[in-house]
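Visitor: This one is query37.pdb, PDB, C-alpha atoms.
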MODEL        1
ATOM      1  CA  MET A  24       0.000   0.000   0.000
ATOM      2  CA  ILE A  25       1.267   3.492  -0.912
ATOM      3  CA  LEU A  26       0.591   6.312   1.535
ATOM      4  CA  MET A  27       1.149  10.071   1.349
ATOM      5  CA  ALA A  28       1.176  12.468   4.284
ATOM      6  CA  PRO A  29      -1.367  15.320   4.184
ATOM      7  CA  GLY A  30       0.363  18.543   3.213
ATOM      8  CA  ASP A  31       3.556  16.855   1.993
ATOM      9  CA  ARG A  32       3.233  15.595  -1.577
ATOM     10  CA  GLN A  33       6.989  15.300  -2.126
ATOM     11  CA  LYS A  34       7.208  11.940  -0.360
ATOM     12  CA  ALA A  35       5.365   8.637  -0.620
ATOM     13  CA  PHE A  36       5.565   5.752   1.825
ATOM     14  CA  VAL A  37       5.179   2.046   1.102
ATOM     15  CA  MET A  38       3.415   0.152   3.875
ATOM     16  CA  ASP A  39       3.867  -3.583   4.370
ATOM     17  CA  LEU A  40       0.354  -4.723   5.316
ATOM     18  CA  ASN A  41       1.614  -8.046   6.670
ATOM     19  CA  ALA A  42       4.140  -6.391   8.982
ATOM     20  CA  GLY A  43       1.880  -3.412   9.691
ATOM     21  CA  LYS A  44       4.619  -0.817   9.195
ATOM     22  CA  VAL A  45       6.173   1.504   6.623
ATOM     23  CA  CYS A  46       9.023  -0.297   4.859
ATOM     24  CA  GLU A  47      10.160   2.213   2.227
ATOM     25  CA  GLU A  48      10.160   5.931   1.414
ATOM     26  CA  TRP A  49       9.901   7.226  -2.153
ATOM     27  CA  GLN A  50      10.787  10.629  -3.558
ATOM     28  CA  GLY A  51      11.084  12.307  -6.918
ATOM     29  CA  PRO A  52      13.616  14.921  -8.069
ATOM     30  CA  LYS A  53      13.951  18.163  -6.106
ATOM     31  CA  ASP A  54      10.591  19.950  -5.645
ATOM     32  CA  PHE A  55       8.762  17.104  -7.408
ATOM     33  CA  GLU A  56       5.279  16.408  -6.023
ATOM     34  CA  PHE A  57       3.300  13.199  -6.194
ATOM     35  CA  GLY A  58      -0.383  13.421  -7.058
ATOM     36  CA  ALA A  59      -2.842  10.755  -8.133
ATOM     37  CA  LEU A  60      -1.395   7.272  -8.730
ATOM     38  CA  ALA A  61      -2.597   4.220 -10.678
ATOM     39  CA  PRO A  62      -1.235   0.769 -11.595
ATOM     40  CA  GLY A  63       1.025   0.773 -14.655
ATOM     41  CA  THR A  64      -1.570  -1.358 -16.469
ATOM     42  CA  LYS A  65      -5.237  -1.825 -15.633
ATOM     43  CA  TYR A  66      -4.969  -5.362 -14.240
ATOM     44  CA  GLN A  67      -1.388  -5.207 -13.051
ATOM     45  CA  THR A  68      -2.264  -6.609  -9.629
ATOM     46  CA  ILE A  69      -3.438  -9.779 -11.405
ATOM     47  CA  THR A  70      -1.165 -10.060 -14.428
ATOM     48  CA  GLY A  71       2.021  -8.840 -12.706
ATOM     49  CA  GLY A  72       4.193  -5.783 -13.207
ATOM     50  CA  SER A  73       5.976  -3.105 -11.210
ATOM     51  CA  LEU A  74       5.463   0.298 -12.818
ATOM     52  CA  ILE A  75       3.140   2.897 -11.319
ATOM     53  CA  ALA A  76       1.612   5.720 -13.351
ATOM     54  CA  GLY A  77       0.869   9.086 -11.821
ATOM     55  CA  VAL A  78       0.068  12.749 -12.310
ATOM     56  CA  ASN A  79       0.481  16.007 -10.489
ATOM     57  CA  SER A  80      -1.045  19.284 -11.631
ATOM     58  CA  ASN A  81       1.214  19.686 -14.692
ATOM     59  CA  THR A  82       3.120  16.391 -15.031
ATOM     60  CA  VAL A  83       2.413  12.841 -16.161
ATOM     61  CA  PHE A  84       4.952  10.337 -14.857
ATOM     62  CA  ARG A  85       5.789   6.733 -14.121
ATOM     63  CA  LEU A  86       7.508   5.340 -11.033
ATOM     64  CA  ASP A  87       9.610   2.191 -10.928
ATOM     65  CA  PRO A  88       9.888   0.678  -7.416
ATOM     66  CA  ARG A  89      12.824  -1.447  -8.611
ATOM     67  CA  ILE A  90      15.094   1.614  -8.783
ATOM     68  CA  SER A  91      17.496   1.238  -5.863
ATOM     69  CA  GLN A  92      17.484   4.887  -4.722
ATOM     70  CA  LYS A  93      14.681   6.908  -3.125
ATOM     71  CA  ASN A  94      14.036   8.741  -6.383
ATOM     72  CA  LYS A  95      11.774   6.251  -8.186
ATOM     73  CA  LEU A  96      10.941   8.464 -11.171
ATOM     74  CA  ALA A  97      11.319   6.373 -14.343
ATOM     75  CA  ASP A  98      10.010   8.789 -16.969
ATOM     76  CA  ASN A  99       7.819  11.856 -17.150
ATOM     77  CA  ARG A 100       6.643  14.816 -19.171
ATOM     78  CA  VAL A 101       6.463  18.226 -17.460
ATOM     79  CA  ASN A 102       4.163  20.826 -19.016
ATOM     80  CA  LYS A 103       4.856  24.546 -18.664
ATOM     81  CA  THR A 104       1.141  25.147 -18.348
ATOM     82  CA  ASN A 105      -0.695  24.055 -15.218
ATOM     83  CA  PHE A 106      -3.420  21.872 -16.708
ATOM     84  CA  GLN A 107      -4.740  20.991 -13.215
ATOM     85  CA  PHE A 108      -4.407  17.244 -13.727
ATOM     86  CA  ASN A 109      -6.191  15.469 -10.891
ATOM     87  CA  CYS A 110      -6.861  11.853 -11.962
ATOM     88  CA  LEU A 111      -5.718   9.108 -14.304
ATOM     89  CA  ALA A 112      -6.448   5.568 -15.438
ATOM     90  CA  THR A 113      -4.543   2.980 -17.470
ATOM     91  CA  ASN A 114      -5.625   0.282 -19.902
ATOM     92  CA  GLU A 115      -4.122  -3.168 -20.462
ATOM     93  CA  GLU A 116      -1.428  -1.773 -22.743
ATOM     94  CA  GLY A 117      -0.294   0.780 -20.169
ATOM     95  CA  ASN A 118      -1.704   3.741 -22.110
ATOM     96  CA  ILE A 119      -2.811   6.572 -19.849
ATOM     97  CA  GLY A 120      -5.993   8.639 -19.705
ATOM     98  CA  VAL A 121      -5.614  11.841 -17.682
ATOM     99  CA  GLY A 122      -8.457  13.999 -16.355
ATOM    100  CA  SER A 123      -8.310  17.531 -15.012
ATOM    101  CA  ALA A 124     -10.135  20.024 -12.847
ATOM    102  CA  LYS A 125     -10.672  21.991 -16.070
ATOM    103  CA  GLY A 126     -12.852  19.175 -17.372
ATOM    104  CA  GLU A 127     -10.439  18.062 -20.085
ATOM    105  CA  ILE A 128      -9.239  14.518 -20.841
ATOM    106  CA  ARG A 129      -5.919  13.702 -22.486
ATOM    107  CA  LEU A 130      -5.022  10.330 -23.970
ATOM    108  CA  LEU A 131      -1.345   9.312 -23.955
ATOM    109  CA  SER A 132       0.420   6.260 -25.320
ATOM    110  CA  GLU A 133       3.180   6.725 -22.707
ATOM    111  CA  ALA A 134       3.825   9.029 -19.761
ATOM    112  CA  SER A 135       6.693  10.829 -21.494
ATOM    113  CA  LYS A 136       4.869  11.368 -24.804
ATOM    114  CA  ILE A 137       2.776  14.282 -26.024
ATOM    115  CA  PRO A 138      -0.943  13.442 -25.693
ATOM    116  CA  LYS A 139      -2.422  11.973 -28.838
ATOM    117  CA  VAL A 140      -5.885  13.362 -28.156
ATOM    118  CA  LEU A 141      -7.469  16.140 -26.109
ATOM    119  CA  LEU A 142     -11.124  15.447 -25.314
ATOM    120  CA  PRO A 143     -12.938  18.599 -24.185
ATOM    121  CA  GLY A 144     -15.516  18.144 -21.471
ATOM    122  CA  LEU A 145     -18.721  20.092 -20.940
ATOM    123  CA  GLY A 146     -17.228  22.797 -18.718
ATOM    124  CA  ASP A 147     -17.371  21.077 -15.320
ATOM    125  CA  PRO A 148     -14.361  19.677 -13.421
ATOM    126  CA  ILE A 149     -13.649  15.986 -13.556
ATOM    127  CA  LYS A 150     -13.665  14.699 -10.005
ATOM    128  CA  PRO A 151     -10.505  13.379  -8.327
ATOM    129  CA  GLN A 152     -10.209   9.652  -9.186
ATOM    130  CA  GLY A 153     -12.932  10.394 -11.729
ATOM    131  CA  ILE A 154     -11.642   8.638 -14.835
ATOM    132  CA  ASP A 155     -11.683   5.022 -15.991
ATOM    133  CA  THR A 156     -11.002   3.104 -19.210
ATOM    134  CA  THR A 157     -12.003  -0.255 -20.573
ATOM    135  CA  ALA A 158      -9.197  -2.803 -20.626
ATOM    136  CA  ASP A 159      -8.871  -2.572 -24.422
ATOM    137  CA  GLY A 160      -8.756   1.234 -24.320
ATOM    138  CA  LYS A 161     -11.739   1.663 -26.627
ATOM    139  CA  TRP A 162     -13.899   3.538 -24.111
ATOM    140  CA  VAL A 163     -13.168   6.246 -21.560
ATOM    141  CA  LEU A 164     -15.444   7.190 -18.656
ATOM    142  CA  ALA A 165     -15.249  10.469 -16.730
ATOM    143  CA  THR A 166     -17.160  11.554 -13.633
ATOM    144  CA  CYS A 167     -18.338  15.102 -12.996
ATOM    145  CA  LYS A 168     -20.433  16.141 -10.021
ATOM    146  CA  GLU A 169     -23.862  15.716 -11.594
ATOM    147  CA  TYR A 170     -23.198  13.567 -14.664
ATOM    148  CA  LEU A 171     -20.871  11.048 -16.320
ATOM    149  CA  LEU A 172     -19.222  11.363 -19.724
ATOM    150  CA  LEU A 173     -18.737   8.223 -21.823
ATOM    151  CA  TYR A 174     -16.415   8.457 -24.847
ATOM    152  CA  ASN A 175     -15.943   5.918 -27.620
ATOM    153  CA  VAL A 176     -12.297   6.561 -28.555
ATOM    154  CA  THR A 177     -12.087   3.903 -31.273
ATOM    155  CA  HIS A 178     -11.095   5.042 -34.744
ATOM    156  CA  LYS A 179     -13.459   4.301 -37.571
ATOM    157  CA  ASP A 180     -10.933   1.989 -39.225
ATOM    158  CA  GLY A 181     -11.244  -0.282 -36.162
ATOM    159  CA  THR A 182      -7.610  -1.376 -36.258
ATOM    160  CA  LYS A 183      -6.717  -3.268 -33.083
ATOM    161  CA  GLY A 184      -4.321  -1.462 -30.735
ATOM    162  CA  LYS A 185      -3.567   1.546 -32.929
ATOM    163  CA  GLY A 186      -7.274   1.981 -33.590
ATOM    164  CA  THR A 187      -7.829   4.058 -30.431
ATOM    165  CA  GLY A 188      -7.165   7.642 -29.445
ATOM    166  CA  PHE A 189      -4.414   6.461 -27.114
ATOM    167  CA  GLN A 190      -2.289   5.521 -30.114
ATOM    168  CA  LYS A 191      -3.419   7.735 -32.970
ATOM    169  CA  ARG A 192      -4.852  11.225 -33.385
ATOM    170  CA  PHE A 193      -8.389  11.764 -34.607
ATOM    171  CA  LEU A 194      -9.279  13.664 -37.724
ATOM    172  CA  LYS A 195     -11.350  16.800 -37.137
ATOM    173  CA  ASN A 196     -14.511  15.135 -38.413
ATOM    174  CA  GLU A 197     -14.188  12.015 -36.229
ATOM    175  CA  LYS A 198     -13.363  13.434 -32.798
ATOM    176  CA  PRO A 199     -15.459  11.590 -30.179
ATOM    177  CA  ILE A 200     -18.615  13.233 -28.855
ATOM    178  CA  PRO A 201     -19.345  12.191 -25.263
ATOM    179  CA  LEU A 202     -22.523  10.491 -24.170
ATOM    180  CA  LYS A 203     -23.834  12.317 -21.098
ATOM    181  CA  LEU A 204     -25.208   9.998 -18.417
ATOM    182  CA  LYS A 205     -27.318  11.500 -15.646
ATOM    183  CA  LEU A 206     -30.355  10.792 -13.526
ATOM    184  CA  SER A 207     -33.711  11.575 -15.093
ATOM    185  CA  SER A 208     -35.789  14.467 -13.792
ATOM    186  CA  GLN A 209     -38.525  11.993 -12.907
ATOM    187  CA  ASP A 210     -36.183   9.943 -10.701
ATOM    188  CA  LEU A 211     -34.870  13.054  -8.974
ATOM    189  CA  VAL A 212     -38.454  13.796  -7.961
ATOM    190  CA  ASN A 213     -39.506  10.200  -7.208
ATOM    191  CA  PHE A 214     -36.471   9.495  -5.003
ATOM    192  CA  LYS A 215     -36.439  13.021  -3.537
ATOM    193  CA  ILE A 216     -32.824  13.603  -4.552
ATOM    194  CA  LEU A 217     -32.063  17.277  -3.967
ATOM    195  CA  ASP A 218     -28.327  17.244  -4.673
ATOM    196  CA  VAL A 219     -26.514  14.910  -7.084
ATOM    197  CA  ASP A 220     -22.858  14.309  -6.236
ATOM    198  CA  PHE A 221     -21.638  11.215  -8.052
ATOM    199  CA  THR A 222     -18.820   9.074  -6.688
ATOM    200  CA  PRO A 223     -16.156   8.151  -9.291
ATOM    201  CA  ALA A 224     -17.834   5.847 -11.810
ATOM    202  CA  ARG A 225     -16.245   2.532 -12.756
ATOM    203  CA  PHE A 226     -16.572  -0.117 -15.441
ATOM    204  CA  SER A 227     -17.110  -3.703 -14.324
ATOM    205  CA  VAL A 228     -13.918  -5.780 -14.313
ATOM    206  CA  GLY A 229     -13.016  -9.347 -15.217
ATOM    207  CA  ASP A 230     -11.882 -11.701 -17.970
ATOM    208  CA  SER A 231     -14.904 -10.791 -20.097
ATOM    209  CA  GLU A 232     -15.628  -7.462 -21.734
ATOM    210  CA  GLU A 233     -16.993  -4.782 -19.428
ATOM    211  CA  GLN A 234     -20.774  -5.019 -19.036
ATOM    212  CA  MET A 235     -21.752  -2.397 -16.475
ATOM    213  CA  ILE A 236     -20.997   1.071 -15.151
ATOM    214  CA  SER A 237     -21.543   1.911 -11.503
ATOM    215  CA  THR A 238     -21.644   5.092  -9.451
ATOM    216  CA  SER A 239     -23.593   6.451  -6.488
ATOM    217  CA  THR A 240     -24.908   9.636  -4.944
ATOM    218  CA  GLY A 241     -25.850   9.878  -1.278
ATOM    219  CA  PRO A 242     -27.423   6.530  -0.298
ATOM    220  CA  TYR A 243     -28.353   5.699  -3.896
ATOM    221  CA  LEU A 244     -26.431   3.100  -5.896
ATOM    222  CA  ILE A 245     -26.781   3.492  -9.681
ATOM    223  CA  VAL A 246     -25.812   0.933 -12.341
ATOM    224  CA  TRP A 247     -26.012   1.333 -16.130
ATOM    225  CA  SER A 248     -25.801  -1.513 -18.604
ATOM    226  CA  PHE A 249     -22.676  -0.705 -20.626
ATOM    227  CA  THR A 250     -23.642  -3.450 -23.048
ATOM    228  CA  ALA A 251     -26.983  -1.735 -23.717
ATOM    229  CA  LEU A 252     -25.347   1.686 -24.022
ATOM    230  CA  LYS A 253     -23.071   0.399 -26.786
ATOM    231  CA  LYS A 254     -26.040  -1.026 -28.697
ATOM    232  CA  ASN A 255     -28.464   1.884 -28.364
ATOM    233  CA  ALA A 256     -27.175   4.809 -26.314
ATOM    234  CA  ALA A 257     -30.208   7.034 -26.860
ATOM    235  CA  LYS A 258     -32.528   4.380 -25.450
ATOM    236  CA  ALA A 259     -30.289   2.982 -22.691
ATOM    237  CA  ARG A 260     -28.961   6.216 -21.156
ATOM    238  CA  PHE A 261     -31.919   6.412 -18.764
ATOM    239  CA  LEU A 262     -32.401   2.645 -18.345
ATOM    240  CA  TYR A 263     -30.260   2.402 -15.225
ATOM    241  CA  LYS A 264     -30.938   0.575 -11.991
ATOM    242  CA  ILE A 265     -31.150   2.670  -8.841
ATOM    243  CA  LYS A 266     -31.262   1.296  -5.309
ATOM    244  CA  LYS A 267     -31.432   3.063  -1.963
ATOM    245  CA  LEU A 268     -29.174   1.751   0.802
ATOM    246  CA  ALA A 269     -29.428   2.405   4.522
ATOM    247  CA  GLU A 270     -26.414   4.743   4.553
ATOM    248  CA  ASN A 271     -24.650   7.139   2.230
ATOM    249  CA  VAL A 272     -22.259   5.393  -0.148
ATOM    250  CA  VAL A 273     -18.617   6.440   0.168
ATOM    251  CA  GLY A 274     -17.451   4.406  -2.821
ATOM    252  CA  GLU A 275     -18.050   1.225  -4.766
ATOM    253  CA  HIS A 276     -16.227  -1.056  -7.182
ATOM    254  CA  PHE A 277     -16.991  -4.263  -9.021
ATOM    255  CA  HIS A 278     -15.617  -7.545  -7.747
ATOM    256  CA  TYR A 279     -13.396  -9.211 -10.383
ATOM    257  CA  ASN A 280     -15.219 -11.793 -12.515
ATOM    258  CA  SER A 281     -18.356 -11.264 -10.465
ATOM    259  CA  GLN A 282     -21.803  -9.754 -10.771
ATOM    260  CA  LYS A 283     -21.376  -8.156  -7.357
ATOM    261  CA  LEU A 284     -20.425  -4.662  -6.241
ATOM    262  CA  VAL A 285     -18.325  -4.032  -3.160
ATOM    263  CA  VAL A 286     -19.976  -0.988  -1.577
ATOM    264  CA  SER A 287     -18.361   1.075   1.170
ATOM    265  CA  THR A 288     -20.372   3.219   3.560
ATOM    266  CA  LYS A 289     -19.138   5.230   6.521
ATOM    267  CA  ASP A 290     -19.506   2.321   8.940
ATOM    268  CA  ASP A 291     -19.696  -0.810   6.815
ATOM    269  CA  VAL A 292     -18.724  -2.672   3.638
ATOM    270  CA  VAL A 293     -21.498  -4.619   1.917
ATOM    271  CA  MET A 294     -21.931  -6.679  -1.254
ATOM    272  CA  GLN A 295     -24.647  -5.800  -3.759
ATOM    273  CA  GLU A 296     -25.741  -8.148  -6.531
ATOM    274  CA  CYS A 297     -26.045  -6.972 -10.152
ATOM    275  CA  THR A 298     -27.716  -8.996 -12.899
ATOM    276  CA  PRO A 299     -26.203  -8.511 -16.374
ATOM    277  CA  GLY A 300     -26.714 -11.004 -19.199
ATOM    278  CA  ALA A 301     -24.510 -14.027 -19.799
ATOM    279  CA  VAL A 302     -21.096 -13.299 -21.308
ATOM    280  CA  LYS A 303     -18.320 -15.186 -23.002
ATOM    281  CA  ARG A 304     -15.136 -15.106 -20.943
ATOM    282  CA  ARG A 305     -11.622 -14.699 -22.249
ATOM    283  CA  ARG A 306      -8.511 -15.741 -20.366
ATOM    284  CA  ARG A 307      -6.241 -12.910 -19.229
ATOM    285  CA  ARG A 308      -2.548 -13.693 -19.620
ATOM    286  CA  THR A 309      -0.138 -13.215 -16.735
ATOM    287  CA  GLU A 310       3.575 -12.613 -16.690
ATOM    288  CA  TYR A 311       3.999 -16.291 -15.783
ATOM    289  CA  ASP A 312       2.416 -17.630 -19.006
TER     290      ASP A 312
ENDMDL
END
Do you think you could lay out the structure here as structure tokens?

Guide:
Amino acid sequence: MILMAPGDRQKAFVMDLNAGKVCEEWQGPKDFEFGALAPGTKYQTITGGSLIAGVNSNTVFRLDPRISQKNKLADNRVNKTNFQFNCLATNEEGNIGVGSAKGEIRLLSEASKIPKVLLPGLGDPIKPQGIDTTADGKWVLATCKEYLLLYNVTHKDGTKGKGTGFQKRFLKNEKPIPLKLKLSSQDLVNFKILDVDFTPARFSVGDSEEQMISTSTGPYLIVWSFTALKKNAAKARFLYKIKKLAENVVGEHFHYNSQKLVVSTKDDVVMQECTPGAVKRRRRRTEYD
């Protein structure tokens, strides 16, 4: 587990959960600050790997814990402009999607490269931890306070790998237009929701393609069918499931290869069942194959 002290973003501490103590201290170059961090690839904890991707307000970087000194910075790109980066996510190839408090999303093939694509938002900040990608990098999901933005970043030629905005720029006439996901006015009235404040939305995870998108606001857990959204977005955008829990939801994430959500509240962690259709699984390779 990686920890950072409040008010001191120039150091990170690695905690050994088995021993219950801090075992290592990380730093960057002089005056370098850590920000949001993510695994080097989306399923790195399962498939193996060491690199860690990260951002601070104007820098995208990667850390390599195998470096013998405290400075673990492996590569980075520093921007002269403060883009207010505040969140990131990686896909299976290690490409990086970066969100900002300005509401913009940048897609990078590597941390040290110039972004291939800039996706403008709708004017509202993307929340901290508020970005996710599908494993294949074809879709990007961003969370704002009152709505989600879903982007199809696949090129029309459909070429695998280099057919996404992480690897290749879009022509002016094919730049992705986001699908805006929000609660319907009728549900806001029916459930007496006065203030929408979505938690960071996430795709479902597992060996199969992603099927669902989850988020929450207050005590309400909301799940969209990602499968249905890909087939008919106009029809499926308001066909979500909404469920009221006993307490406000702090956060939620899908259990790997499961139809269940792990939901955290202030005082408890509970499992919630979801019911997508049957799917065909694919085996995910590990570094030991």

Visitor: To test your reading of the syntax: which residues would the PyMOL selection byres ((chain A and resi 125) around 12) return for the file shown? Reply as a list in words.

Guide: Ser80, Asn105, Phe106, Gln107, Phe108, Asn109, Cys110, Val121, Gly122, Ser123, Ala124, Gly126, Glu127, Ile128, Arg129, Leu142, Pro143, Gly144, Leu145, Gly146, Asp147, Pro148, Ile149, Lys150, Pro151 and Cys167 of chain A

Visitor: Quick check, in Å to one decimal: how far apart do atom CA of A:Cys297 and atom CA of A:Gln282 lie?

Guide: 5.1 Å

Visitor: Choose the residue, out of A:Met38, A:Leu96, A:Leu172, A:Val285, that has the smallest atom-to-atom separation from A:Arg260; count all atoms listed in the file.

Guide: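 Using all atoms listed in the file, A:Arg260 sits closest to A:Leu172.
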
Visitor: So how far away is atom CA of A:Lys53 from atom CA of A:Met24, in Å?

Guide: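 Answer for the atom CA of A:Met24 to atom CA of A:Lys53 separation: 23.7 Å.
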
Visitor: Report as a ChimeraX atom specification the full result of the PyMOL selection byres ((chain A and resi 273) around 9) when it is applied to this structure.

Guide: /A:222,239-242,271-272,274-275,286-289

Visitor: Starting from the displayed file, determine the output of the PyMOL selection byres ((chain A and resi 55) around 10) and express the residue list as a list in words.

Guide: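 Output from the PyMOL selection byres ((chain A and resi 55) around 10), applied to this file: Arg32, Gln33, Lys34, Gln50, Gly51, Pro52, Lys53, Asp54, Glu56, Phe57, Gly58, Asn79, Thr82, Asn94 and Leu96 of chain A.
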
Visitor: Work out how far apart atom CA of A:Val293 and atom CA of A:Glu270 are and give it in Å to one decimal.

Guide: 10.9 Å

Visitor: Using only C-alpha atoms, pick whichever of A:Phe249, A:Phe189, A:Phe261, A:Phe36 has the shortest atom-to-atom distance to A:Glu116.

Guide: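 Once distances to A:Glu116 are computed over only C-alpha atoms, the minimum belongs to A:Phe189.
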
Visitor: Would you list the contacts of stretch 211-215 of chain A as a count of residues only, taking every protein, DNA or RNA residue within 10 Å and counting only C-alpha atoms, but skipping same-chain residues closer than 5 positions in sequence?

Guide: 5

Visitor: Just checking: using only C-alpha atoms, which residue out of A:Leu217, A:Met294, A:Leu202, A:Leu26 ends up closest to A:Ala259?

Guide: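 Smallest distance to A:Ala259 is found for A:Leu202.
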
Visitor: Let me have the centre and edge lengths of the axis-aligned box enclosing all listed atoms of stretch 133-148 of chain A with 3 Å padding on every side, in Å to one decimal, as AutoDock Vina command-line options.

Guide:
--center_x -6.0 --center_y 14.8 --center_z -21.1 --size_x 31.4 --size_y 22.1 --size_z 21.4

Visitor: I need the residue nearest A:Ala256 from this list: A:Ser237, A:Gly72, A:Phe277, A:Leu173. Use all atoms listed in the file for the distance.

Guide: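 Ranking A:Ser237, A:Gly72, A:Phe277, A:Leu173 by distance to A:Ala256, first place goes to A:Leu173.
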